Every structure is written in C-alpha cells, then in structure tokens.
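Structure below is protein_3.txt: compact mmCIF, C-alpha atoms.
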```
# COMPACT_ATOMS: atom_id res chain seq x y z
CA MET Y 1 -22.46 34.28 3.07
CA GLY Y 2 -19.91 36.42 4.88
CA ALA Y 3 -20.55 39.87 6.27
CA GLU Y 4 -20.70 42.96 4.05
CA LEU Y 5 -17.31 44.60 3.61
CA GLU Y 6 -18.75 48.10 3.98
CA THR Y 7 -20.18 47.08 7.36
CA ILE Y 8 -16.91 45.54 8.51
CA TYR Y 9 -14.99 48.63 7.39
CA ALA Y 10 -17.45 50.90 9.25
CA ASP Y 11 -17.00 48.78 12.39
CA PHE Y 12 -13.21 49.24 12.19
CA VAL Y 13 -13.71 52.98 11.82
CA ARG Y 14 -16.02 53.12 14.84
CA SER Y 15 -13.53 51.14 16.93
CA GLY Y 16 -10.70 53.49 15.95
CA ASP Y 17 -8.72 50.76 14.15
CA LEU Y 18 -9.16 52.59 10.84
CA ARG Y 19 -9.65 56.20 9.80
CA PRO Y 20 -12.40 56.78 7.24
CA ASP Y 21 -10.86 57.26 3.81
CA PRO Y 22 -13.09 58.04 0.80
CA ALA Y 23 -10.59 56.48 -1.63
CA GLN Y 24 -10.61 53.20 0.31
CA GLN Y 25 -14.40 53.28 0.66
CA ALA Y 26 -14.75 53.77 -3.10
CA VAL Y 27 -13.04 50.42 -3.71
CA LEU Y 28 -15.25 48.45 -1.31
CA PRO Y 29 -18.30 48.03 -3.63
CA GLN Y 30 -16.20 46.32 -6.33
CA LEU Y 31 -14.62 44.04 -3.75
CA GLN Y 32 -18.06 43.30 -2.30
CA ASN Y 33 -19.49 42.38 -5.71
CA LEU Y 34 -16.63 39.94 -6.30
CA LYS Y 35 -17.07 38.56 -2.78
CA HIS Y 36 -20.78 37.90 -3.42
CA TRP Y 37 -20.03 36.09 -6.68
CA LEU Y 38 -17.29 33.90 -5.22
CA GLU Y 39 -19.42 32.91 -2.23
CA ALA Y 40 -22.24 31.99 -4.61
CA ASN Y 41 -19.80 30.03 -6.84
CA PRO Y 42 -17.16 28.61 -4.48
CA THR Y 43 -15.99 25.90 -6.90
CA ARG Y 44 -14.80 26.16 -10.49
CA LYS Y 45 -17.38 23.76 -11.98
CA ILE Y 46 -21.09 23.04 -11.78
CA GLY Y 47 -22.86 19.71 -12.04
CA LEU Y 48 -23.92 17.01 -9.60
CA PHE Y 49 -20.39 15.73 -9.09
CA ALA Y 50 -18.38 18.63 -10.51
CA GLY Y 51 -16.18 16.06 -12.22
CA PHE Y 52 -14.14 15.99 -15.38
CA PHE Y 53 -17.11 16.55 -17.70
CA ALA Y 54 -18.74 19.29 -15.63
CA LYS Y 55 -19.10 22.70 -17.25
CA PRO Y 56 -16.64 25.39 -16.09
CA ILE Y 57 -18.24 28.52 -14.68
CA ARG Y 58 -17.01 31.69 -16.34
CA PRO Y 59 -15.87 33.96 -13.50
CA PRO Y 60 -16.20 37.74 -13.45
CA LYS Y 61 -13.20 39.99 -13.78
CA GLY Y 62 -10.66 39.90 -11.00
CA ILE Y 63 -9.37 43.11 -9.41
CA TYR Y 64 -6.09 45.01 -9.72
CA ILE Y 65 -5.66 47.72 -7.06
CA TYR Y 66 -2.80 50.15 -7.49
CA GLY Y 67 -1.68 53.30 -5.71
CA GLY Y 68 1.11 54.86 -3.70
CA VAL Y 69 2.76 53.20 -0.73
CA GLY Y 70 0.89 53.19 2.56
CA ARG Y 71 -2.52 53.95 1.02
CA GLY Y 72 -4.22 50.82 2.34
CA LYS Y 73 -4.02 48.42 -0.62
CA SER Y 74 -2.81 45.48 1.47
CA MET Y 75 -5.31 46.29 4.21
CA LEU Y 76 -8.21 46.16 1.72
CA MET Y 77 -6.94 42.89 0.26
CA ASP Y 78 -6.70 41.38 3.74
CA LEU Y 79 -10.20 42.64 4.60
CA PHE Y 80 -11.51 40.96 1.45
CA CYS Y 81 -9.66 37.66 1.94
CA GLU Y 82 -10.25 37.30 5.68
CA HIS Y 83 -14.02 37.71 5.30
CA LEU Y 84 -14.43 35.74 2.06
CA ALA Y 85 -16.38 32.62 3.02
CA ILE Y 86 -14.93 30.10 0.57
CA PRO Y 87 -12.40 27.33 1.29
CA HIS Y 88 -10.15 27.44 -1.77
CA LYS Y 89 -8.47 30.80 -1.43
CA ARG Y 90 -4.92 31.95 -0.89
CA ARG Y 91 -3.37 35.32 -0.10
CA VAL Y 92 0.41 35.56 -0.61
CA HIS Y 93 3.08 38.18 -1.24
CA PHE Y 94 3.87 38.27 -4.98
CA HIS Y 95 7.61 37.81 -4.46
CA SER Y 96 7.08 34.68 -2.34
CA PHE Y 97 4.59 33.31 -4.85
CA MET Y 98 7.03 33.68 -7.73
CA GLN Y 99 9.74 31.87 -5.78
CA GLU Y 100 7.32 28.98 -5.24
CA VAL Y 101 6.53 28.97 -8.96
CA HIS Y 102 10.23 28.85 -9.86
CA HIS Y 103 10.71 25.88 -7.50
CA ALA Y 104 7.68 24.08 -8.95
CA LEU Y 105 8.97 24.67 -12.49
CA HIS Y 106 12.33 23.20 -11.49
CA GLU Y 107 10.62 20.07 -10.16
CA ALA Y 108 8.40 19.79 -13.25
CA ARG Y 109 11.45 19.95 -15.54
CA LYS Y 110 12.95 16.99 -13.68
CA THR Y 111 10.02 14.88 -14.90
CA GLY Y 112 10.77 15.77 -18.52
CA ALA Y 113 7.56 17.77 -19.00
CA GLU Y 114 7.47 19.32 -22.45
CA ASP Y 115 5.90 22.49 -21.02
CA ALA Y 116 6.91 22.74 -17.36
CA LEU Y 117 4.41 25.54 -16.72
CA ALA Y 118 1.41 23.38 -17.65
CA PRO Y 119 1.51 21.03 -14.61
CA VAL Y 120 2.33 23.97 -12.32
CA ALA Y 121 -0.71 25.91 -13.53
CA GLU Y 122 -2.88 22.78 -13.37
CA ALA Y 123 -1.89 22.10 -9.75
CA LEU Y 124 -2.64 25.69 -8.74
CA SER Y 125 -5.98 25.72 -10.55
CA GLN Y 126 -7.04 22.50 -8.79
CA GLU Y 127 -6.21 24.00 -5.39
CA LEU Y 128 -7.59 27.51 -5.79
CA ARG Y 129 -10.74 29.42 -6.58
CA LEU Y 130 -9.13 32.74 -5.59
CA LEU Y 131 -5.49 33.78 -5.76
CA ALA Y 132 -4.69 37.07 -4.01
CA LEU Y 133 -1.23 38.48 -4.71
CA ASP Y 134 0.06 41.43 -2.72
CA GLU Y 135 2.64 43.88 -4.09
CA MET Y 136 3.03 42.77 -7.69
CA GLN Y 137 6.34 44.03 -9.01
CA ILE Y 138 8.33 42.56 -11.88
CA SER Y 139 12.01 43.28 -12.26
CA ASP Y 140 13.44 40.64 -14.60
CA ILE Y 141 12.53 39.18 -17.96
CA THR Y 142 12.27 35.61 -16.63
CA ASP Y 143 9.52 36.53 -14.18
CA ALA Y 144 7.92 38.75 -16.81
CA MET Y 145 7.53 35.86 -19.25
CA ILE Y 146 6.49 33.27 -16.66
CA VAL Y 147 3.82 35.36 -14.97
CA GLY Y 148 2.14 36.26 -18.25
CA ARG Y 149 1.64 32.65 -19.32
CA LEU Y 150 0.77 31.52 -15.80
CA PHE Y 151 -1.95 34.13 -15.32
CA GLU Y 152 -3.44 33.27 -18.69
CA LYS Y 153 -3.62 29.56 -17.82
CA LEU Y 154 -5.07 30.23 -14.34
CA MET Y 155 -7.71 32.60 -15.67
CA THR Y 156 -8.66 30.16 -18.43
CA ALA Y 157 -9.11 27.50 -15.74
CA GLY Y 158 -11.50 29.78 -13.83
CA VAL Y 159 -9.22 30.98 -11.04
CA VAL Y 160 -10.10 34.49 -9.92
CA ILE Y 161 -7.11 36.77 -9.34
CA ILE Y 162 -6.90 39.88 -7.20
CA THR Y 163 -3.65 41.76 -6.88
CA THR Y 164 -2.17 44.99 -5.54
CA SER Y 165 0.70 47.03 -6.90
CA ASN Y 166 2.33 50.42 -6.56
CA ARG Y 167 2.11 50.76 -10.34
CA PRO Y 168 -0.73 50.60 -12.88
CA PRO Y 169 -0.53 47.63 -15.26
CA GLU Y 170 1.16 49.71 -17.96
CA GLY Y 171 3.85 50.69 -15.44
CA LEU Y 172 4.93 47.10 -14.72
CA TYR Y 173 8.42 46.12 -15.90
CA LEU Y 174 8.85 49.66 -17.18
CA ASN Y 175 12.02 50.06 -19.26
CA GLY Y 176 12.76 46.36 -18.72
CA LEU Y 177 14.83 44.26 -21.10
CA ASN Y 178 12.77 43.05 -24.09
CA ARG Y 179 9.69 44.71 -22.59
CA ALA Y 180 7.82 44.34 -25.87
CA LEU Y 181 7.49 40.62 -25.05
CA PHE Y 182 5.69 41.62 -21.84
CA LEU Y 183 3.10 43.91 -23.44
CA PRO Y 184 0.56 41.13 -24.18
CA PHE Y 185 0.45 40.40 -20.44
CA ILE Y 186 -0.34 44.05 -19.71
CA SER Y 187 -3.20 43.82 -22.21
CA LEU Y 188 -4.38 40.62 -20.48
CA LEU Y 189 -4.42 42.35 -17.09
CA SER Y 190 -6.41 45.27 -18.43
CA GLU Y 191 -8.88 42.92 -20.12
CA LYS Y 192 -9.36 40.34 -17.37
CA LEU Y 193 -8.98 42.46 -14.21
CA GLU Y 194 -10.91 45.50 -13.09
CA VAL Y 195 -8.18 48.10 -12.60
CA LEU Y 196 -8.84 50.35 -9.58
CA HIS Y 197 -6.69 53.33 -8.65
CA LEU Y 198 -6.59 53.89 -4.89
CA GLN Y 199 -6.14 57.66 -4.99
CA SER Y 200 -5.88 58.42 -1.30
CA PRO Y 201 -3.73 61.49 -0.57
CA THR Y 202 -2.63 59.98 2.74
CA ASP Y 203 0.31 57.65 3.28
CA TYR Y 204 -0.97 55.94 6.44
CA ARG Y 205 2.22 54.00 7.06
CA GLN Y 206 4.25 57.20 6.97
CA GLN Y 207 1.60 58.90 9.09
CA ARG Y 208 1.86 56.19 11.74
CA LEU Y 209 5.61 56.74 11.86
CA GLN Y 210 5.36 60.55 11.66
CA GLY Y 211 7.03 61.96 14.72
CA ALA Y 212 7.40 58.46 16.16
CA GLN Y 213 10.67 57.12 17.47
CA ARG Y 214 12.36 54.81 14.97
CA TYR Y 215 15.65 54.05 16.66
CA PHE Y 216 15.75 52.71 20.22
CA HIS Y 217 18.68 52.25 22.59
CA PRO Y 218 19.50 50.41 24.69
CA ALA Y 219 17.73 47.59 22.88
CA GLY Y 220 16.73 45.64 25.97
CA ARG Y 221 14.27 48.32 27.06
CA ALA Y 222 12.54 48.61 23.70
CA LYS Y 223 10.82 45.23 23.27
CA ALA Y 224 7.35 46.44 24.24
CA GLN Y 225 7.61 49.59 22.07
CA ILE Y 226 8.87 47.60 19.08
CA THR Y 227 6.04 45.10 19.47
CA GLU Y 228 3.51 47.93 19.61
CA ILE Y 229 4.95 49.44 16.40
CA TRP Y 230 4.76 46.01 14.73
CA ARG Y 231 1.09 45.62 15.72
CA ASP Y 232 0.26 49.12 14.56
CA LEU Y 233 1.98 48.82 11.17
CA THR Y 234 0.55 45.37 10.40
CA GLY Y 235 -2.89 46.09 11.80
CA GLY Y 236 -2.60 42.97 13.93
CA ALA Y 237 -2.39 40.73 10.86
CA ALA Y 238 -1.04 37.22 11.35
CA SER Y 239 2.59 36.86 10.33
CA SER Y 240 4.16 34.17 8.19
CA PRO Y 241 7.69 33.53 6.92
CA LEU Y 242 8.93 35.34 3.82
CA VAL Y 243 11.12 33.01 1.79
CA LEU Y 244 13.31 34.52 -0.91
CA THR Y 245 15.42 32.59 -3.40
CA VAL Y 246 18.66 34.25 -4.47
CA ASN Y 247 21.04 32.44 -6.81
CA GLY Y 248 19.49 29.10 -5.91
CA ARG Y 249 19.69 29.65 -2.15
CA GLN Y 250 16.79 30.32 0.16
CA ILE Y 251 16.71 33.20 2.63
CA GLU Y 252 13.95 33.19 5.23
CA LEU Y 253 12.65 36.08 7.29
CA SER Y 254 10.57 34.32 9.91
CA THR Y 255 8.18 37.18 10.71
CA PHE Y 256 6.44 38.98 7.83
CA ALA Y 257 3.02 40.57 7.36
CA ARG Y 258 1.58 43.19 5.03
CA GLY Y 259 4.98 44.05 3.61
CA ILE Y 260 6.54 44.52 7.06
CA ALA Y 261 9.40 42.25 8.15
CA ARG Y 262 10.69 41.82 11.70
CA ALA Y 263 14.08 40.23 12.35
CA SER Y 264 16.93 40.27 14.80
CA PHE Y 265 20.42 41.49 13.92
CA TRP Y 266 21.69 37.93 14.31
CA GLU Y 267 19.03 36.50 12.01
CA LEU Y 268 20.34 38.63 9.14
CA CYS Y 269 23.94 39.50 9.94
CA ALA Y 270 25.26 36.33 11.55
CA LYS Y 271 24.49 34.28 8.45
CA PRO Y 272 26.71 34.18 5.34
CA LEU Y 273 24.57 36.63 3.38
CA GLY Y 274 25.96 38.99 0.74
CA PRO Y 275 24.95 42.11 -1.19
CA GLY Y 276 22.61 40.20 -3.52
CA ASP Y 277 20.75 38.73 -0.57
CA PHE Y 278 20.29 42.09 1.12
CA LEU Y 279 19.19 43.68 -2.16
CA ALA Y 280 16.52 40.97 -2.49
CA ILE Y 281 15.32 41.67 1.04
CA ALA Y 282 15.22 45.41 0.37
CA ALA Y 283 13.17 44.81 -2.79
CA ALA Y 284 10.67 42.58 -0.98
CA VAL Y 285 9.84 44.60 2.15
CA LYS Y 286 8.38 48.05 2.77
CA VAL Y 287 9.52 48.36 6.38
CA LEU Y 288 12.18 46.38 8.23
CA ILE Y 289 12.09 46.17 12.02
CA LEU Y 290 15.62 45.19 13.01
CA GLU Y 291 16.15 44.33 16.67
CA ASP Y 292 19.07 43.85 19.03
CA ILE Y 293 21.91 45.46 17.06
CA PRO Y 294 24.91 44.87 19.36
CA GLN Y 295 27.99 46.93 20.04
CA LEU Y 296 30.20 46.40 16.99
CA SER Y 297 33.97 45.88 17.02
CA SER Y 298 36.75 43.71 15.65
CA ALA Y 299 35.28 40.89 17.75
CA ASN Y 300 32.26 40.68 15.42
CA TYR Y 301 33.86 42.18 12.32
CA ASN Y 302 32.13 39.88 9.80
CA GLU Y 303 28.71 40.60 11.31
CA ALA Y 304 29.49 44.32 11.29
CA LYS Y 305 30.44 44.20 7.58
CA ARG Y 306 27.16 42.49 6.75
CA PHE Y 307 25.27 45.08 8.79
CA VAL Y 308 26.90 47.88 6.79
CA THR Y 309 25.93 46.13 3.54
CA LEU Y 310 22.36 45.63 4.78
CA ILE Y 311 21.96 49.30 5.71
CA ASP Y 312 23.35 50.34 2.31
CA ALA Y 313 20.77 48.13 0.56
CA LEU Y 314 17.90 49.46 2.67
CA TYR Y 315 19.07 53.03 2.19
CA GLU Y 316 19.30 52.80 -1.60
CA ALA Y 317 15.88 51.13 -1.82
CA LYS Y 318 14.31 53.73 0.52
CA VAL Y 319 13.08 51.01 2.88
CA ARG Y 320 11.84 52.35 6.20
CA LEU Y 321 13.83 51.08 9.16
CA ILE Y 322 12.79 50.64 12.78
CA ALA Y 323 15.75 49.53 14.91
CA SER Y 324 16.77 48.74 18.46
CA ALA Y 325 20.47 48.81 19.29
CA ALA Y 326 22.97 48.72 22.12
CA GLU Y 327 24.01 52.32 21.44
CA GLU Y 328 23.13 55.37 19.38
CA PRO Y 329 24.44 55.17 15.78
CA GLU Y 330 27.65 57.14 16.32
CA ARG Y 331 28.66 54.95 19.26
CA LEU Y 332 27.83 51.56 17.78
CA TYR Y 333 31.29 50.99 16.27
CA ILE Y 334 33.95 53.08 17.98
CA GLU Y 335 37.05 50.87 17.85
CA GLY Y 336 38.73 48.33 15.63
CA SER Y 337 39.15 47.81 11.91
CA GLY Y 338 36.23 49.29 10.02
CA SER Y 339 35.21 51.82 12.65
CA PHE Y 340 36.23 54.78 10.49
CA GLU Y 341 34.27 53.50 7.49
CA PHE Y 342 31.26 52.99 9.78
CA GLU Y 343 30.82 56.76 10.06
CA ARG Y 344 28.92 56.70 6.75
CA THR Y 345 26.63 53.96 8.06
CA ALA Y 346 25.98 55.92 11.25
CA SER Y 347 25.10 58.95 9.15
CA ARG Y 348 22.68 56.89 7.07
CA LEU Y 349 21.08 55.46 10.21
CA ARG Y 350 20.49 59.03 11.40
CA GLU Y 351 19.05 60.08 8.04
CA MET Y 352 16.72 57.07 7.99
CA GLN Y 353 15.19 58.25 11.28
CA ALA Y 354 13.82 61.42 9.63
CA ALA Y 355 10.06 61.76 9.63
CA ASP Y 356 9.90 62.00 5.83
CA TRP Y 357 12.27 59.12 5.11
CA GLY Y 358 11.13 56.28 2.88
CA GLY Y 359 9.41 55.68 -0.41
```

Would it be possible to restate this file's structure as structure tokens?
Amino acid sequence: MGAELETIYADFVRSGDLRPDPAQQAVLPQLQNLKHWLEANPTRKIGLFAGFFAKPIRPPKGIYIYGGVGRGKSMLMDLFCEHLAIPHKRRVHFHSFMQEVHHALHEARKTGAEDALAPVAEALSQELRLLALDEMQISDITDAMIVGRLFEKLMTAGVVIITTSNRPPEGLYLNGLNRALFLPFISLLSEKLEVLHLQSPTDYRQQRLQGAQRYFHPAGRAKAQITEIWRDLTGGAASSPLVLTVNGRQIELSTFARGIARASFWELCAKPLGPGDFLAIAAAVKVLILEDIPQLSSANYNEAKRFVTLIDALYEAKVRLIASAAEEPERLYIEGSGSFEFERTASRLREMQAADWGG
C-alpha cells in the first residue's frame, strides 16, 4: 500500500512546497478512500487466473473535482496518481485524451467495425484500472456524444475514472448545439462519480504570479528566471508533449505539465500555423511560457504575422503569458510592413503583464 495522502500533503506543507488550504484538505479523505480501494483491487477481475470467465469487481464511484482556476485541482490529481500503488493507471490532459480517441476511432473505422467505439473502449479497459483526466471541457457536439458513450462503456467494464474541471457536471457543454443529447451523460457523471467542489478562495497560480515579472528582455538573460517560473507553476511535475489535432493535422507542444505549456517563438511561429491552430492552443493551456521572441521586421514578416495571431488568440481566451523577448513590447517591431498594426499587439502584451490578468 502507498503512503497516506494526508501525510504526504502535510509533508509538502512542512517543506514549504504547499500552503495549507482547508478546501484542498477537505478533498483528501475521498481521494484516500478511493486510493485504498484501488490498491486492494488493482485488477478488474477476481479469480485464480482472472481470465475471461472471472467475475468483474464492481468499483466504487470515481471522483469529479471542480472549482475555479488555480485552486489546486491538478495538484491534487497528481498527488493521488503519483502515490497510487497500482500498475494500470494513466493520467492525461482531457484534450490530449480526446485527440487519441478520435485517432483510434479513425483506425477502427478502417477495419469496418460496426460500432467503432466498441473496440476503442475495449482496448482502454484492458489497459487501465484507473483513468485520470485533467481539465475536462467539452466544446463541440462530436466530443459531447463520443465522451458520453465512452465513459459509460469504460465504467461498465470496471475502469475507475477521476477527472477535474473548472465547471460542475451540469455546466459542461453549456449552451452547446443539441445539448439535450448530452444531458444523459451529465446524469451519468452525477450518478457514477462523487462530485466534489474545491471551494478554495485562493487562486494559487495567480498568487504565484502576483507582482512577479512576466515579460523579460533581453531574452538571453532570462533563461534561469523562466526555468524557475516553470518549476514553480508546475510544482516540479514531469513534462510531456501536448498533441492537438486541428482539421486533421497534429500540432505538438513539446513541454507541457499541469496545464502549463513552454515553447520557443520559433516552435510556434516559424511553422505554418493559422488562427484555428492558435485558438486550439489557447483553449488547451492555462499558461503559456513563450521564449526567445526576436526583433521583428520585414525580414521575418510571416513569423511576425503568426505571432500577432497567437497573441490575439491568447488575449481573447484570457491565457496567462510569460514571455522573454529581444526588446520591450513597443520596440519589438519598429520598422517594415506591419509595424503600425503591431501597436495593438504591443498594447495587448503590456495589458497581459498586469497582476490581475488571466482567467
């Protein structure tokens, strides 16, 4: 059995890595109970060989944690997953998971499967005892319909699901097209998952950035500071790529953890990405750390145009931006075609540095 979550949390508080938060501490007993059960029942079936005829074990309810941004939902999920002593577990960002599901459905359809979702759900249920999905958000009817049927099949197969979201279940896909078709899934979530509201009054991510520098120039001198911000915001969590699929194409941000993405200017703006790509990135991340923004001019006009589009997408989505650049915003683009239009972007970059910026 793994260590008690309350003890681990208290150790982090004593070391100064966490601040004690009653709302977070109130969620720990439910997570601990689920942890105990999973460690006592690490596989989906009982019986000497746990084969085809073995009896499925009915799992307890999973957990759905919702609350405002920066309240510690992802941190609690990571605490749970990292110290859960079972082999068949997976923690993944919801957006990345859905892209994998879409790809698997595409492959299943190639085989002529009558119900393409059935083999996808079967493969997942064979691999997993626990599926942990961070930042559940549903914005289109296709995902809305797929995720409902998929969750039902996974739960029926005995897979335990834990998820986080900024919204309660009844707030998912709010005002979406044909939302009535999605309502049975909301009922399923409320029935099969223990819904916990993380009601902390403190936005810890905003607090970490409160009064902190968010825009660094010249960029070459900021590497150590940027790295320290990255470690602070992610809590030292291991990073992994975030892969997004937009109109059949894949976009990869190589460094992603706990909703925070870190990328260079060239990684995002030197590639043939358009507004739809940047909107997808803005929807998938909470904070973007963008490094090494160069001096902009007619010599890198295409890259500059993409940068303007990226900043517009981040601005509209209220994504928090940490940046390092060759110059301060007003001096980034001072000559050549597009320099006049860049004044709006410079103004937005200034606004995004405000202590209260971001959702």

**Request:** Pick out the closest residue to Cys269 of chain Y from this set: Y:Asp11, Y:Glu303, Y:Asp78, Y:Glu170. Count only C-alpha atoms.
**Result:**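 For Cys269 of chain Y, the nearest of the candidates is Y:Glu303.
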
**Distance criterion (all atoms listed in the file): nearest to Pro22 of chain Y out of Y:Glu152, Y:Glu6, Y:Glu267, Y:Asp134** =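 Between Y:Glu152, Y:Glu6, Y:Glu267, Y:Asp134, the residue approaching Pro22 of chain Y most closely is Y:Glu6.
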
With the cut-off set at 12 Å and counting only C-alpha atoms, tabulate each residue of segment 45-135 of chain Y with an atom at most that distance from an atom of segment 246-258 of chain Y, showing the nearest atom pair and its distance in Å to one decimal, ordered by chain and increasing number, as CSV.
```
residue,atom,partner,partner_atom,distance
Y:Val69,CA,Y:Arg258,CA,11.6
Y:Gly70,CA,Y:Arg258,CA,10.3
Y:Gly72,CA,Y:Arg258,CA,10.0
Y:Lys73,CA,Y:Arg258,CA,9.5
Y:Ser74,CA,Y:Arg258,CA,6.1
Y:Met75,CA,Y:Arg258,CA,7.6
Y:Leu76,CA,Y:Arg258,CA,10.8
Y:Met77,CA,Y:Arg258,CA,9.8
Y:Asp78,CA,Y:Arg258,CA,8.6
Y:Leu79,CA,Y:Arg258,CA,11.8
Y:Arg91,CA,Y:Arg258,CA,10.6
Y:Val92,CA,Y:Arg258,CA,9.6
Y:His93,CA,Y:Arg258,CA,8.2
Y:Phe94,CA,Y:Arg258,CA,11.4
Y:His95,CA,Y:Val246,CA,11.6
Y:Ser96,CA,Y:Glu252,CA,10.3
Y:Gln99,CA,Y:Val246,CA,9.3
Y:Glu100,CA,Y:Gln250,CA,11.0
Y:His102,CA,Y:Gly248,CA,10.1
Y:His103,CA,Y:Gly248,CA,9.5
Y:His106,CA,Y:Gly248,CA,10.8
Y:Leu133,CA,Y:Arg258,CA,11.2
Y:Asp134,CA,Y:Arg258,CA,8.1
Y:Glu135,CA,Y:Arg258,CA,9.2
```

**Complete:** Computed gap from atom CA of His88 of chain Y to atom CA of Gly148 of chain Y is 22.4 Å

**Request:** Find, counting only C-alpha atoms, the residue in Y:Ala113, Y:Leu321, Y:Leu154, Y:Leu332 that gets nearest to Ala354 of chain Y.
**Result:**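 Among Y:Ala113, Y:Leu321, Y:Leu154, Y:Leu332, it is Y:Leu321 that comes nearest to Ala354 of chain Y.
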
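The two atoms in question, atom CA of Ile162 of chain Y and atom CA of Asn178 of chain Y, are spaced 26.1 Å apart.
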
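Protein and nucleic acid residues near (16.0, 41.4, -21.1) are Asp140, Ile141, Thr142, Gly176, Leu177, Asn178 and Arg179 of chain Y, the criterion being any atom at most 9 Å away using only C-alpha atoms.
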
**Request:** Enter the distance from atom CA of Leu128 of chain Y to atom CA of Asn41 of chain Y, in Å, rounded to one decimal.
**Result:** 12.5 Å

**Asked** Do you know which residues are at most 9 Å from Ala116 of chain Y counting only C-alpha atoms, after dropping those on the same chain fewer than 4 positions away, and could you put them as a list in words?
**Response** Ala104, Leu105, His106, Glu107, Ala108, Arg109, Thr111, Gly112 and Val120 of chain Y

**Request:** Can you work out which one of Y:Thr227, Y:Thr164, Y:Asn302, Y:Ser15 has the shortest atom-to-atom distance to Lys271 of chain Y, counting only C-alpha atoms?
**Result:**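 Closest residue, counting only C-alpha atoms: Y:Asn302.
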
**Request:** Extract, using all atoms listed in the file, all DNA, RNA and protein residues at most 6 Å from segment 189-198 of chain Y, discarding same-chain residues fewer than 4 positions from it, and format them as a VMD selection string.
**Result:** chain Y and resid 23 61 to 67

Could you write those residues out with C-alpha atoms, as a PDB file, in the coordinates of the input?
```pdb
ATOM      1  CA  ALA Y  23     -10.590  56.480  -1.630  1.00  0.00           C
ATOM      2  CA  LYS Y  61     -13.200  39.990 -13.780  1.00  0.00           C
ATOM      3  CA  GLY Y  62     -10.660  39.900 -11.000  1.00  0.00           C
ATOM      4  CA  ILE Y  63      -9.370  43.110  -9.410  1.00  0.00           C
ATOM      5  CA  TYR Y  64      -6.090  45.010  -9.720  1.00  0.00           C
ATOM      6  CA  ILE Y  65      -5.660  47.720  -7.060  1.00  0.00           C
ATOM      7  CA  TYR Y  66      -2.800  50.150  -7.490  1.00  0.00           C
ATOM      8  CA  GLY Y  67      -1.680  53.300  -5.710  1.00  0.00           C
TER       9      GLY Y  67
END
```

**Message:** Using all atoms listed in the file, can you tell me which of Y:Ala304, Y:Cys81, Y:Ala284, Y:Ala237 comes closest to Trp266 of chain Y?
**Reply:** Y:Ala304

**Complete:** Tyr9 of chain Y proximity check over Y:Met145, Y:Leu131, Y:Val27, Y:Ala238, using only C-alpha atoms: winner is Y:Val27

**Asked** Near Gln295 of chain Y, counting only C-alpha atoms, which residues have an atom at most 9 Å away, once you skip same-chain residues fewer than 5 positions from it, shown as a list of chain:residue names?
**Response** Y:Asn300, Y:Ala325, Y:Ala326, Y:Glu327, Y:Arg331, Y:Leu332, Y:Tyr333, Y:Ile334
